[in-house]
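One file, final-v7.pdb, is given below (PDB, C-alpha atoms, pLDDT in the B column).
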```pdb
ATOM      1  CA  MET A   1     103.237  77.447 121.197  1.00 41.00           C
ATOM      2  CA  ARG A   2     105.868  80.157 120.921  1.00 56.00           C
ATOM      3  CA  ILE A   3     103.821  82.014 118.309  1.00 53.00           C
ATOM      4  CA  LEU A   4     100.700  81.714 120.467  1.00 54.00           C
ATOM      5  CA  ASP A   5     102.609  83.050 123.435  1.00 54.00           C
ATOM      6  CA  HIS A   6     103.653  86.065 121.394  1.00 55.00           C
ATOM      7  CA  MET A   7     100.101  86.598 120.183  1.00 59.00           C
ATOM      8  CA  THR A   8      99.004  87.112 123.775  1.00 63.00           C
ATOM      9  CA  LEU A   9     100.986  90.358 123.729  1.00 66.00           C
ATOM     10  CA  LEU A  10      98.249  91.782 121.512  1.00 76.00           C
ATOM     11  CA  SER A  11      95.803  93.236 124.007  1.00 80.00           C
ATOM     12  CA  ALA A  12      92.026  93.313 123.769  1.00 85.00           C
ATOM     13  CA  LEU A  13      92.361  96.980 122.827  1.00 88.00           C
ATOM     14  CA  ASP A  14      94.521  95.950 119.867  1.00 85.00           C
ATOM     15  CA  GLY A  15      91.775  93.611 118.672  1.00 88.00           C
ATOM     16  CA  ILE A  16      89.130  96.289 119.141  1.00 93.00           C
ATOM     17  CA  ALA A  17      91.215  98.876 117.287  1.00 94.00           C
ATOM     18  CA  ALA A  18      91.845  96.529 114.361  1.00 93.00           C
ATOM     19  CA  GLY A  19      88.163  95.617 114.300  1.00 94.00           C
ATOM     20  CA  ILE A  20      87.166  99.288 114.250  1.00 96.00           C
ATOM     21  CA  LEU A  21      89.507  99.879 111.311  1.00 96.00           C
ATOM     22  CA  VAL A  22      88.121  97.032 109.208  1.00 96.00           C
ATOM     23  CA  LEU A  23      84.504  97.762 110.141  1.00 97.00           C
ATOM     24  CA  SER A  24      84.937 101.459 109.342  1.00 96.00           C
ATOM     25  CA  TRP A  25      86.387 100.555 105.947  1.00 97.00           C
ATOM     26  CA  LEU A  26      83.432  98.321 105.107  1.00 96.00           C
ATOM     27  CA  LEU A  27      80.717 100.630 106.451  1.00 96.00           C
ATOM     28  CA  LEU A  28      82.164 103.754 104.882  1.00 95.00           C
ATOM     29  CA  GLY A  29      82.384 102.043 101.514  1.00 95.00           C
ATOM     30  CA  TRP A  30      78.748 100.980 101.768  1.00 96.00           C
ATOM     31  CA  MET A  31      77.641 104.486 102.769  1.00 95.00           C
ATOM     32  CA  ILE A  32      79.477 106.051  99.828  1.00 95.00           C
ATOM     33  CA  GLU A  33      78.045 103.619  97.291  1.00 93.00           C
ATOM     34  CA  HIS A  34      74.523 103.526  98.798  1.00 92.00           C
ATOM     35  CA  PRO A  35      73.811 107.029 100.140  1.00 90.00           C
ATOM     36  CA  GLY A  36      70.362 108.450 100.753  1.00 86.00           C
ATOM     37  CA  ALA A  37      68.628 110.119  97.836  1.00 83.00           C
ATOM     38  CA  LYS A  38      68.784 113.482  99.599  1.00 87.00           C
ATOM     39  CA  HIS A  39      72.521 113.283 100.340  1.00 91.00           C
ATOM     40  CA  PRO A  40      74.279 111.691  97.353  1.00 93.00           C
ATOM     41  CA  SER A  41      78.002 111.129  97.451  1.00 93.00           C
ATOM     42  CA  VAL A  42      80.430 112.433  94.842  1.00 95.00           C
ATOM     43  CA  THR A  43      80.723 108.864  93.554  1.00 94.00           C
ATOM     44  CA  VAL A  44      76.973 108.658  92.900  1.00 94.00           C
ATOM     45  CA  LEU A  45      76.813 112.130  91.388  1.00 94.00           C
ATOM     46  CA  MET A  46      79.675 111.329  89.047  1.00 94.00           C
ATOM     47  CA  SER A  47      77.914 108.126  87.998  1.00 94.00           C
ATOM     48  CA  GLU A  48      75.124 110.237  86.505  1.00 93.00           C
ATOM     49  CA  ARG A  49      77.647 112.417  84.705  1.00 94.00           C
ATOM     50  CA  ARG A  50      79.232 109.293  83.243  1.00 94.00           C
ATOM     51  CA  ARG A  51      75.858 108.295  81.821  1.00 94.00           C
ATOM     52  CA  ASP A  52      75.489 111.784  80.375  1.00 94.00           C
ATOM     53  CA  TRP A  53      78.965 111.475  78.856  1.00 95.00           C
ATOM     54  CA  MET A  54      78.052 108.329  76.944  1.00 94.00           C
ATOM     55  CA  LYS A  55      74.823 109.899  75.669  1.00 94.00           C
ATOM     56  CA  VAL A  56      76.711 112.915  74.346  1.00 93.00           C
ATOM     57  CA  MET A  57      79.337 110.663  72.803  1.00 93.00           C
ATOM     58  CA  VAL A  58      76.741 109.166  70.446  1.00 93.00           C
ATOM     59  CA  THR A  59      76.378 112.455  68.574  1.00 92.00           C
ATOM     60  CA  ARG A  60      80.012 113.579  68.876  1.00 89.00           C
ATOM     61  CA  ASP A  61      82.032 113.354  65.688  1.00 85.00           C
ATOM     62  CA  PRO A  62      84.854 112.504  65.779  1.00 86.00           C
ATOM     63  CA  ARG A  63      85.125 110.696  69.128  1.00 86.00           C
ATOM     64  CA  ILE A  64      88.826 111.256  69.674  1.00 90.00           C
ATOM     65  CA  PHE A  65      88.067 113.414  72.724  1.00 91.00           C
ATOM     66  CA  ASP A  66      86.225 110.507  74.380  1.00 90.00           C
ATOM     67  CA  SER A  67      89.011 108.043  73.665  1.00 90.00           C
ATOM     68  CA  GLN A  68      91.563 110.445  75.160  1.00 93.00           C
ATOM     69  CA  ILE A  69      89.545 110.774  78.359  1.00 93.00           C
ATOM     70  CA  LEU A  70      89.187 107.009  78.695  1.00 93.00           C
ATOM     71  CA  GLY A  71      92.898 106.575  78.013  1.00 92.00           C
ATOM     72  CA  GLY A  72      93.678 108.995  80.835  1.00 93.00           C
ATOM     73  CA  LEU A  73      91.415 107.050  83.195  1.00 94.00           C
ATOM     74  CA  ARG A  74      93.179 103.791  82.340  1.00 94.00           C
ATOM     75  CA  GLN A  75      96.570 105.405  82.877  1.00 95.00           C
ATOM     76  CA  GLY A  76      95.418 106.449  86.357  1.00 94.00           C
ATOM     77  CA  THR A  77      94.436 102.907  87.294  1.00 96.00           C
ATOM     78  CA  ALA A  78      97.737 101.563  85.948  1.00 95.00           C
ATOM     79  CA  PHE A  79      99.706 104.148  87.936  1.00 96.00           C
ATOM     80  CA  PHE A  80      98.016 103.309  91.223  1.00 96.00           C
ATOM     81  CA  ALA A  81      98.260  99.566  90.579  1.00 96.00           C
ATOM     82  CA  SER A  82     102.018  99.972  90.073  1.00 96.00           C
ATOM     83  CA  SER A  83     102.234 102.097  93.233  1.00 95.00           C
ATOM     84  CA  CYS A  84     100.455  99.383  95.210  1.00 96.00           C
ATOM     85  CA  LEU A  85     102.851  96.721  93.920  1.00 94.00           C
ATOM     86  CA  LEU A  86     105.836  98.782  95.005  1.00 95.00           C
ATOM     87  CA  SER A  87     104.243  99.409  98.407  1.00 94.00           C
ATOM     88  CA  ILE A  88     103.448  95.737  98.895  1.00 94.00           C
ATOM     89  CA  GLY A  89     107.033  94.868  98.013  1.00 92.00           C
ATOM     90  CA  GLY A  90     108.289  97.403 100.542  1.00 90.00           C
ATOM     91  CA  VAL A  91     106.066  96.025 103.307  1.00 90.00           C
ATOM     92  CA  LEU A  92     107.035  92.426 102.553  1.00 89.00           C
ATOM     93  CA  ALA A  93     110.711  93.384 102.534  1.00 87.00           C
ATOM     94  CA  LEU A  94     110.254  94.997 105.941  1.00 83.00           C
ATOM     95  CA  VAL A  95     108.487  91.904 107.246  1.00 81.00           C
ATOM     96  CA  GLY A  96     111.273  89.676 105.947  1.00 78.00           C
ATOM     97  CA  ASN A  97     114.072  91.817 107.407  1.00 74.00           C
ATOM     98  CA  THR A  98     113.338  92.106 111.099  1.00 64.00           C
ATOM     99  CA  GLU A  99     116.220  94.399 112.033  1.00 70.00           C
ATOM    100  CA  PRO A 100     114.427  97.668 111.087  1.00 69.00           C
ATOM    101  CA  LEU A 101     111.414  96.388 113.038  1.00 67.00           C
ATOM    102  CA  ARG A 102     113.561  95.886 116.104  1.00 65.00           C
ATOM    103  CA  GLY A 103     114.720  99.479 115.747  1.00 65.00           C
ATOM    104  CA  VAL A 104     111.115 100.668 115.557  1.00 62.00           C
ATOM    105  CA  ALA A 105     110.247  98.650 118.636  1.00 60.00           C
ATOM    106  CA  ALA A 106     113.136 100.181 120.570  1.00 61.00           C
ATOM    107  CA  GLU A 107     112.091 103.714 119.588  1.00 62.00           C
ATOM    108  CA  VAL A 108     108.391 103.277 120.323  1.00 60.00           C
ATOM    109  CA  THR A 109     108.390 101.378 123.575  1.00 58.00           C
ATOM    110  CA  ASP A 110     110.706 100.269 126.355  1.00 56.00           C
ATOM    111  CA  MET A 111     109.026  96.864 126.399  1.00 55.00           C
ATOM    112  CA  ALA A 112     110.616  93.946 124.568  1.00 59.00           C
ATOM    113  CA  VAL A 113     107.964  93.528 121.884  1.00 63.00           C
ATOM    114  CA  PRO A 114     108.589  90.479 119.677  1.00 70.00           C
ATOM    115  CA  VAL A 115     109.157  91.258 116.026  1.00 73.00           C
ATOM    116  CA  LEU A 116     106.309  88.844 115.199  1.00 78.00           C
ATOM    117  CA  ILE A 117     103.835  91.364 116.615  1.00 80.00           C
ATOM    118  CA  PHE A 118     105.101  94.057 114.260  1.00 81.00           C
ATOM    119  CA  GLN A 119     104.942  91.578 111.395  1.00 82.00           C
ATOM    120  CA  ILE A 120     101.295  90.870 112.186  1.00 86.00           C
ATOM    121  CA  LYS A 121     100.540  94.582 112.198  1.00 88.00           C
ATOM    122  CA  LEU A 122     102.319  95.069 108.895  1.00 89.00           C
ATOM    123  CA  ALA A 123     100.351  92.135 107.476  1.00 90.00           C
ATOM    124  CA  LEU A 124      97.183  94.183 107.921  1.00 93.00           C
ATOM    125  CA  VAL A 125      98.767  96.978 105.900  1.00 94.00           C
ATOM    126  CA  ALA A 126      99.752  94.477 103.205  1.00 94.00           C
ATOM    127  CA  LEU A 127      96.199  93.107 103.061  1.00 96.00           C
ATOM    128  CA  PHE A 128      94.750  96.573 102.433  1.00 97.00           C
ATOM    129  CA  LEU A 129      97.368  97.260  99.763  1.00 97.00           C
ATOM    130  CA  THR A 130      96.675  93.915  98.109  1.00 96.00           C
ATOM    131  CA  ASN A 131      92.970  94.688  98.047  1.00 97.00           C
ATOM    132  CA  ALA A 132      93.725  98.063  96.494  1.00 97.00           C
ATOM    133  CA  PHE A 133      95.959  96.479  93.847  1.00 97.00           C
ATOM    134  CA  LEU A 134      93.270  93.980  92.848  1.00 97.00           C
ATOM    135  CA  LYS A 135      90.655  96.742  92.626  1.00 97.00           C
ATOM    136  CA  PHE A 136      92.881  98.907  90.426  1.00 97.00           C
ATOM    137  CA  VAL A 137      93.690  95.991  88.104  1.00 97.00           C
ATOM    138  CA  TRP A 138      90.017  95.081  87.780  1.00 97.00           C
ATOM    139  CA  SER A 139      89.122  98.738  87.214  1.00 97.00           C
ATOM    140  CA  ASN A 140      91.688  98.951  84.433  1.00 96.00           C
ATOM    141  CA  ARG A 141      90.255  95.887  82.766  1.00 96.00           C
ATOM    142  CA  ILE A 142      86.665  97.141  82.981  1.00 96.00           C
ATOM    143  CA  PHE A 143      87.736 100.451  81.457  1.00 96.00           C
ATOM    144  CA  GLY A 144      89.126  98.284  78.634  1.00 95.00           C
ATOM    145  CA  TYR A 145      85.724  96.634  78.216  1.00 96.00           C
ATOM    146  CA  CYS A 146      84.173 100.089  78.186  1.00 95.00           C
ATOM    147  CA  ALA A 147      86.573 101.175  75.433  1.00 94.00           C
ATOM    148  CA  VAL A 148      85.515  98.247  73.249  1.00 95.00           C
ATOM    149  CA  LEU A 149      81.833  99.023  73.749  1.00 94.00           C
ATOM    150  CA  MET A 150      82.405 102.691  73.003  1.00 93.00           C
ATOM    151  CA  ALA A 151      84.093 101.684  69.763  1.00 92.00           C
ATOM    152  CA  SER A 152      81.079  99.517  68.880  1.00 92.00           C
ATOM    153  CA  VAL A 153      78.589 102.389  69.197  1.00 92.00           C
ATOM    154  CA  PRO A 154      77.331 103.142  65.653  1.00 92.00           C
ATOM    155  CA  ASN A 155      78.235 106.516  64.197  1.00 89.00           C
ATOM    156  CA  ASP A 156      74.634 107.086  63.159  1.00 89.00           C
ATOM    157  CA  PRO A 157      72.619 108.375  66.179  1.00 89.00           C
ATOM    158  CA  ASP A 158      69.460 107.012  64.533  1.00 89.00           C
ATOM    159  CA  ASP A 159      70.815 103.476  64.549  1.00 91.00           C
ATOM    160  CA  PRO A 160      68.725 101.415  67.036  1.00 91.00           C
ATOM    161  CA  LEU A 161      71.931 100.054  68.608  1.00 93.00           C
ATOM    162  CA  ALA A 162      73.521 103.455  69.238  1.00 92.00           C
ATOM    163  CA  TYR A 163      71.994 104.468  72.558  1.00 94.00           C
ATOM    164  CA  PRO A 164      71.655 100.951  74.041  1.00 94.00           C
ATOM    165  CA  ARG A 165      75.369 100.340  73.381  1.00 94.00           C
ATOM    166  CA  ALA A 166      76.212 103.749  74.836  1.00 94.00           C
ATOM    167  CA  ALA A 167      74.158 102.890  77.936  1.00 95.00           C
ATOM    168  CA  GLN A 168      76.089  99.635  78.343  1.00 95.00           C
ATOM    169  CA  ALA A 169      79.364 101.515  78.011  1.00 95.00           C
ATOM    170  CA  ALA A 170      78.185 103.965  80.674  1.00 96.00           C
ATOM    171  CA  GLU A 171      77.407 101.189  83.153  1.00 96.00           C
ATOM    172  CA  LEU A 172      80.810  99.598  82.570  1.00 96.00           C
ATOM    173  CA  ASN A 173      82.427 103.003  83.037  1.00 96.00           C
ATOM    174  CA  ILE A 174      80.595 103.390  86.339  1.00 96.00           C
ATOM    175  CA  ARG A 175      81.679  99.947  87.558  1.00 97.00           C
ATOM    176  CA  ALA A 176      85.282 100.678  86.634  1.00 96.00           C
ATOM    177  CA  ALA A 177      85.149 103.981  88.517  1.00 96.00           C
ATOM    178  CA  MET A 178      83.537 102.239  91.504  1.00 96.00           C
ATOM    179  CA  ASN A 179      86.408  99.772  91.725  1.00 97.00           C
ATOM    180  CA  PHE A 180      88.932 102.564  91.277  1.00 97.00           C
ATOM    181  CA  ASN A 181      87.391 104.411  94.235  1.00 97.00           C
ATOM    182  CA  ARG A 182      87.435 101.225  96.302  1.00 96.00           C
ATOM    183  CA  GLY A 183      91.120 100.897  95.579  1.00 97.00           C
ATOM    184  CA  LEU A 184      91.762 104.456  96.694  1.00 96.00           C
ATOM    185  CA  ARG A 185      89.849 103.882  99.943  1.00 97.00           C
ATOM    186  CA  ALA A 186      91.887 100.753 100.631  1.00 97.00           C
ATOM    187  CA  MET A 187      95.079 102.775 100.185  1.00 96.00           C
ATOM    188  CA  TYR A 188      93.815 105.396 102.646  1.00 97.00           C
ATOM    189  CA  PHE A 189      93.085 102.700 105.221  1.00 97.00           C
ATOM    190  CA  ALA A 190      96.450 101.048 104.573  1.00 96.00           C
ATOM    191  CA  LEU A 191      98.088 104.323 105.577  1.00 95.00           C
ATOM    192  CA  GLY A 192      95.896 104.425 108.672  1.00 95.00           C
ATOM    193  CA  ALA A 193      96.818 100.834 109.521  1.00 95.00           C
ATOM    194  CA  LEU A 194     100.473 101.849 109.732  1.00 91.00           C
ATOM    195  CA  ALA A 195      99.616 103.725 112.929  1.00 91.00           C
ATOM    196  CA  TRP A 196      99.116 100.343 114.631  1.00 90.00           C
ATOM    197  CA  LEU A 197     102.904 100.142 114.885  1.00 84.00           C
ATOM    198  CA  LEU A 198     102.586 102.911 117.470  1.00 83.00           C
ATOM    199  CA  GLY A 199      99.892 101.120 119.427  1.00 84.00           C
ATOM    200  CA  ALA A 200      96.158 100.529 119.577  1.00 90.00           C
ATOM    201  CA  VAL A 201      95.273 104.092 120.587  1.00 92.00           C
ATOM    202  CA  ALA A 202      97.242 105.477 117.673  1.00 92.00           C
ATOM    203  CA  LEU A 203      95.373 103.101 115.342  1.00 94.00           C
ATOM    204  CA  ILE A 204      91.996 104.288 116.604  1.00 95.00           C
ATOM    205  CA  ILE A 205      93.009 107.925 116.160  1.00 96.00           C
ATOM    206  CA  ALA A 206      94.300 107.207 112.650  1.00 96.00           C
ATOM    207  CA  THR A 207      91.087 105.371 111.779  1.00 96.00           C
ATOM    208  CA  VAL A 208      88.996 108.352 112.845  1.00 97.00           C
ATOM    209  CA  ALA A 209      91.212 110.659 110.787  1.00 97.00           C
ATOM    210  CA  VAL A 210      90.976 108.452 107.673  1.00 97.00           C
ATOM    211  CA  VAL A 211      87.198 108.107 108.006  1.00 97.00           C
ATOM    212  CA  TRP A 212      86.836 111.873 108.299  1.00 97.00           C
ATOM    213  CA  ILE A 213      89.064 112.541 105.283  1.00 96.00           C
ATOM    214  CA  VAL A 214      87.285 110.045 103.030  1.00 96.00           C
ATOM    215  CA  TRP A 215      83.793 110.975 104.254  1.00 96.00           C
ATOM    216  CA  SER A 216      84.352 114.718 103.883  1.00 95.00           C
ATOM    217  CA  ARG A 217      85.616 114.337 100.323  1.00 94.00           C
ATOM    218  CA  GLU A 218      82.510 112.374  99.376  1.00 94.00           C
ATOM    219  CA  PHE A 219      79.862 114.315 101.316  1.00 94.00           C
ATOM    220  CA  ALA A 220      81.281 117.721 102.319  1.00 92.00           C
ATOM    221  CA  SER A 221      83.727 118.770  99.610  1.00 92.00           C
ATOM    222  CA  LEU A 222      83.753 121.645  97.141  1.00 92.00           C
ATOM    223  CA  PRO A 223      83.585 119.281  94.123  1.00 91.00           C
ATOM    224  CA  ARG A 224      80.333 117.868  95.553  1.00 91.00           C
ATOM    225  CA  GLN A 225      78.876 121.369  95.889  1.00 92.00           C
ATOM    226  CA  ILE A 226      79.802 122.083  92.278  1.00 91.00           C
ATOM    227  CA  LEU A 227      78.127 118.879  91.096  1.00 90.00           C
ATOM    228  CA  LEU A 228      74.995 119.691  93.083  1.00 89.00           C
ATOM    229  CA  GLN A 229      74.840 123.133  91.508  1.00 86.00           C
ATOM    230  CA  ASP A 230      74.768 121.426  88.140  1.00 59.00           C
ATOM    231  CA  ASP A 231      71.676 119.510  89.274  1.00 53.00           C
ATOM    232  CA  ALA A 232      69.948 122.587  90.705  1.00 47.00           C
TER     233      ALA A 232
END
```

What's the structure tokens form of this structure?
Amino acid sequence: MRILDHMTLLSALDGIAAGILVLSWLLLGWMIEHPGAKHPSVTVLMSERRRDWMKVMVTRDPRIFDSQILGGLRQGTAFFASSCLLSIGGVLALVGNTEPLRGVAAEVTDMAVPVLIFQIKLALVALFLTNAFLKFVWSNRIFGYCAVLMASVPNDPDDPLAYPRAAQAAELNIRAAMNFNRGLRAMYFALGALAWLLGAVALIIATVAVVWIVWSREFASLPRQILLQDDA
């Protein structure tokens, strides 16, 4: 019952704020991956460029340039996966050692907030980071599948398997990139979730800020304008 008694210190506003954060994460991800035809996101625009890349690769000789690009993409997923592991370890260490949390509680509020409440709030951060880690690992593996398919594309453009294999490689490349972007969004929302340590209002403000940052980069950024010019 002691834990339940402590849980009552989380107000209805806390529940609403946490719900807004999670719902915003899910809805924003869906909007980015399923935008309207008239307002494509950077993710969707880049998916078409990835298909173009694989088509061009069929006639490129040698294909060292393509392998270098894919290697760079895999290095990016590995870097962020490692970063997530370190972040998760840091959060878990903070949850396990309650003394720093007591210091945070004393600085933020005059009320005697149980450390368990801060641990619950940090658990939300850890969940987002864990999701990001899993997405980055899966992205890295799919890029590996893509590399194998790229290597299986015949050197002769007239070979009947050349373009179908390249198309398969393109779709795997797109899926890998999709998971990579999902991992990045989870990291953004993990940073926003940290604001919950300062209270429910701070979490709502942070959620709005994160949504704006992610949305603007997908739908109102200079890279998007450049990609649209290419389609004009």

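When the distance limit is 6 Å and all atoms listed in the file are what count, the residues near segment 66-83 of chain A, minus those fewer than 2 positions from it on the same chain, are Arg63, Ile64, Leu85, Leu86, Phe133, Phe136 and Asn140 of chain A.
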
Proximity to Glu33 of chain A - best of A:Ser221, A:Thr59, A:Asn181, A:Asn97, all atoms listed in the file: A:Asn181

Segment 159-164 of chain A: axis-aligned bounding box, 5 Å on each side, centre and edge lengths in Å, one decimal, as JSON:
```
{"center_x": 71.1, "center_y": 102.3, "center_z": 69.3, "size_x": 14.8, "size_y": 14.4, "size_z": 19.5}
```

Counting all atoms listed in the file, which residues of segment 170-207 of chain A fall within 10 Å of segment 25-29 of chain A, and what is the closest atom pair for each with its distance in Å at one decimal, ordered by chain and rising number, as a tab-separated table?
```
residue	atom	partner	partner_atom	distance
A:Asn181	CA	A:Gly29	CA	9.1
A:Arg182	CA	A:Gly29	CA	7.3
A:Arg185	CA	A:Trp25	CA	7.7
A:Ala186	CA	A:Trp25	CA	7.7
A:Tyr188	CA	A:Trp25	CA	9.5
A:Phe189	CA	A:Trp25	CA	7.1
A:Thr207	CA	A:Trp25	CA	8.9
```

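One finds atom CA of Phe180 of chain A at 20.8 Å from atom CA of Gly89 of chain A.
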
Result set, the PyMOL selection byres ((chain A and resi 119) around 10) on current file, as a PyMOL selection string: chain A and resi 91-92+94-98+101+114-118+120-125+197

Residues just named, written with C-alpha atoms as a compact mmCIF listing (two decimals), in the coordinates of the input:
```txt
# COMPACT_ATOMS: atom_id res chain seq x y z
CA VAL A 91 106.07 96.02 103.31
CA LEU A 92 107.04 92.43 102.55
CA LEU A 94 110.25 95.00 105.94
CA VAL A 95 108.49 91.90 107.25
CA GLY A 96 111.27 89.68 105.95
CA ASN A 97 114.07 91.82 107.41
CA THR A 98 113.34 92.11 111.10
CA LEU A 101 111.41 96.39 113.04
CA PRO A 114 108.59 90.48 119.68
CA VAL A 115 109.16 91.26 116.03
CA LEU A 116 106.31 88.84 115.20
CA ILE A 117 103.84 91.36 116.62
CA PHE A 118 105.10 94.06 114.26
CA ILE A 120 101.30 90.87 112.19
CA LYS A 121 100.54 94.58 112.20
CA LEU A 122 102.32 95.07 108.90
CA ALA A 123 100.35 92.14 107.48
CA LEU A 124 97.18 94.18 107.92
CA VAL A 125 98.77 96.98 105.90
CA LEU A 197 102.90 100.14 114.88
```

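When all atoms listed in the file are used to measure the gap to Asn173 of chain A, the shortest distance among A:Pro40, A:Gly90, A:Pro35, A:Gly144 belongs to A:Gly144.
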
Reconstructed all heavy atoms for segment 222-229 of chain A, given as a short mmCIF file (atom, residue, chain, number, x, y, z; two decimals), keeping the file's coordinate frame:
```
data_model
loop_
_atom_site.label_atom_id
_atom_site.label_comp_id
_atom_site.auth_asym_id
_atom_site.auth_seq_id
_atom_site.Cartn_x
_atom_site.Cartn_y
_atom_site.Cartn_z
N LEU A 222 84.10 120.65 98.15
CA LEU A 222 83.75 121.64 97.14
C LEU A 222 83.35 121.00 95.82
O LEU A 222 82.38 121.45 95.19
CB LEU A 222 84.93 122.61 96.93
CG LEU A 222 84.70 123.73 95.92
CD1 LEU A 222 83.51 124.59 96.32
CD2 LEU A 222 85.97 124.58 95.78
N PRO A 223 84.04 119.94 95.35
CA PRO A 223 83.58 119.28 94.12
C PRO A 223 82.14 118.80 94.22
O PRO A 223 81.38 118.89 93.24
CB PRO A 223 84.55 118.10 93.97
CG PRO A 223 85.81 118.59 94.61
CD PRO A 223 85.34 119.40 95.79
N ARG A 224 81.73 118.31 95.38
CA ARG A 224 80.33 117.87 95.55
C ARG A 224 79.38 119.04 95.42
O ARG A 224 78.31 118.94 94.79
CB ARG A 224 80.16 117.20 96.91
CG ARG A 224 78.73 116.70 97.17
CD ARG A 224 78.63 115.98 98.51
NE ARG A 224 77.30 115.49 98.75
CZ ARG A 224 76.31 116.20 99.28
NH1 ARG A 224 76.53 117.48 99.62
NH2 ARG A 224 75.12 115.67 99.47
N GLN A 225 79.73 120.18 96.01
CA GLN A 225 78.88 121.37 95.89
C GLN A 225 78.74 121.80 94.43
O GLN A 225 77.66 122.19 93.98
CB GLN A 225 79.46 122.51 96.72
CG GLN A 225 79.44 122.24 98.24
CD GLN A 225 80.07 123.38 99.02
OE1 GLN A 225 80.23 124.49 98.52
NE2 GLN A 225 80.45 123.11 100.26
N ILE A 226 79.85 121.71 93.70
CA ILE A 226 79.80 122.08 92.28
C ILE A 226 78.89 121.14 91.51
O ILE A 226 78.09 121.59 90.67
CB ILE A 226 81.22 122.07 91.68
CG1 ILE A 226 82.08 123.17 92.33
CG2 ILE A 226 81.19 122.25 90.17
CD1 ILE A 226 83.54 123.12 91.96
N LEU A 227 78.98 119.85 91.79
CA LEU A 227 78.13 118.88 91.10
C LEU A 227 76.67 119.08 91.44
O LEU A 227 75.78 118.91 90.59
CB LEU A 227 78.57 117.46 91.46
CG LEU A 227 79.91 117.02 90.90
CD1 LEU A 227 80.33 115.69 91.52
CD2 LEU A 227 79.86 116.89 89.38
N LEU A 228 76.38 119.44 92.68
CA LEU A 228 75.00 119.69 93.08
C LEU A 228 74.45 120.96 92.43
O LEU A 228 73.26 121.02 92.10
CB LEU A 228 74.91 119.82 94.61
CG LEU A 228 75.07 118.51 95.40
CD1 LEU A 228 75.11 118.78 96.89
CD2 LEU A 228 73.93 117.55 95.06
N GLN A 229 75.28 121.94 92.22
CA GLN A 229 74.84 123.13 91.51
C GLN A 229 74.42 122.79 90.09
O GLN A 229 73.49 123.37 89.55
CB GLN A 229 75.98 124.17 91.48
CG GLN A 229 76.26 124.82 92.82
CD GLN A 229 77.49 125.70 92.78
OE1 GLN A 229 78.13 125.87 91.73
NE2 GLN A 229 77.87 126.28 93.91
#
```
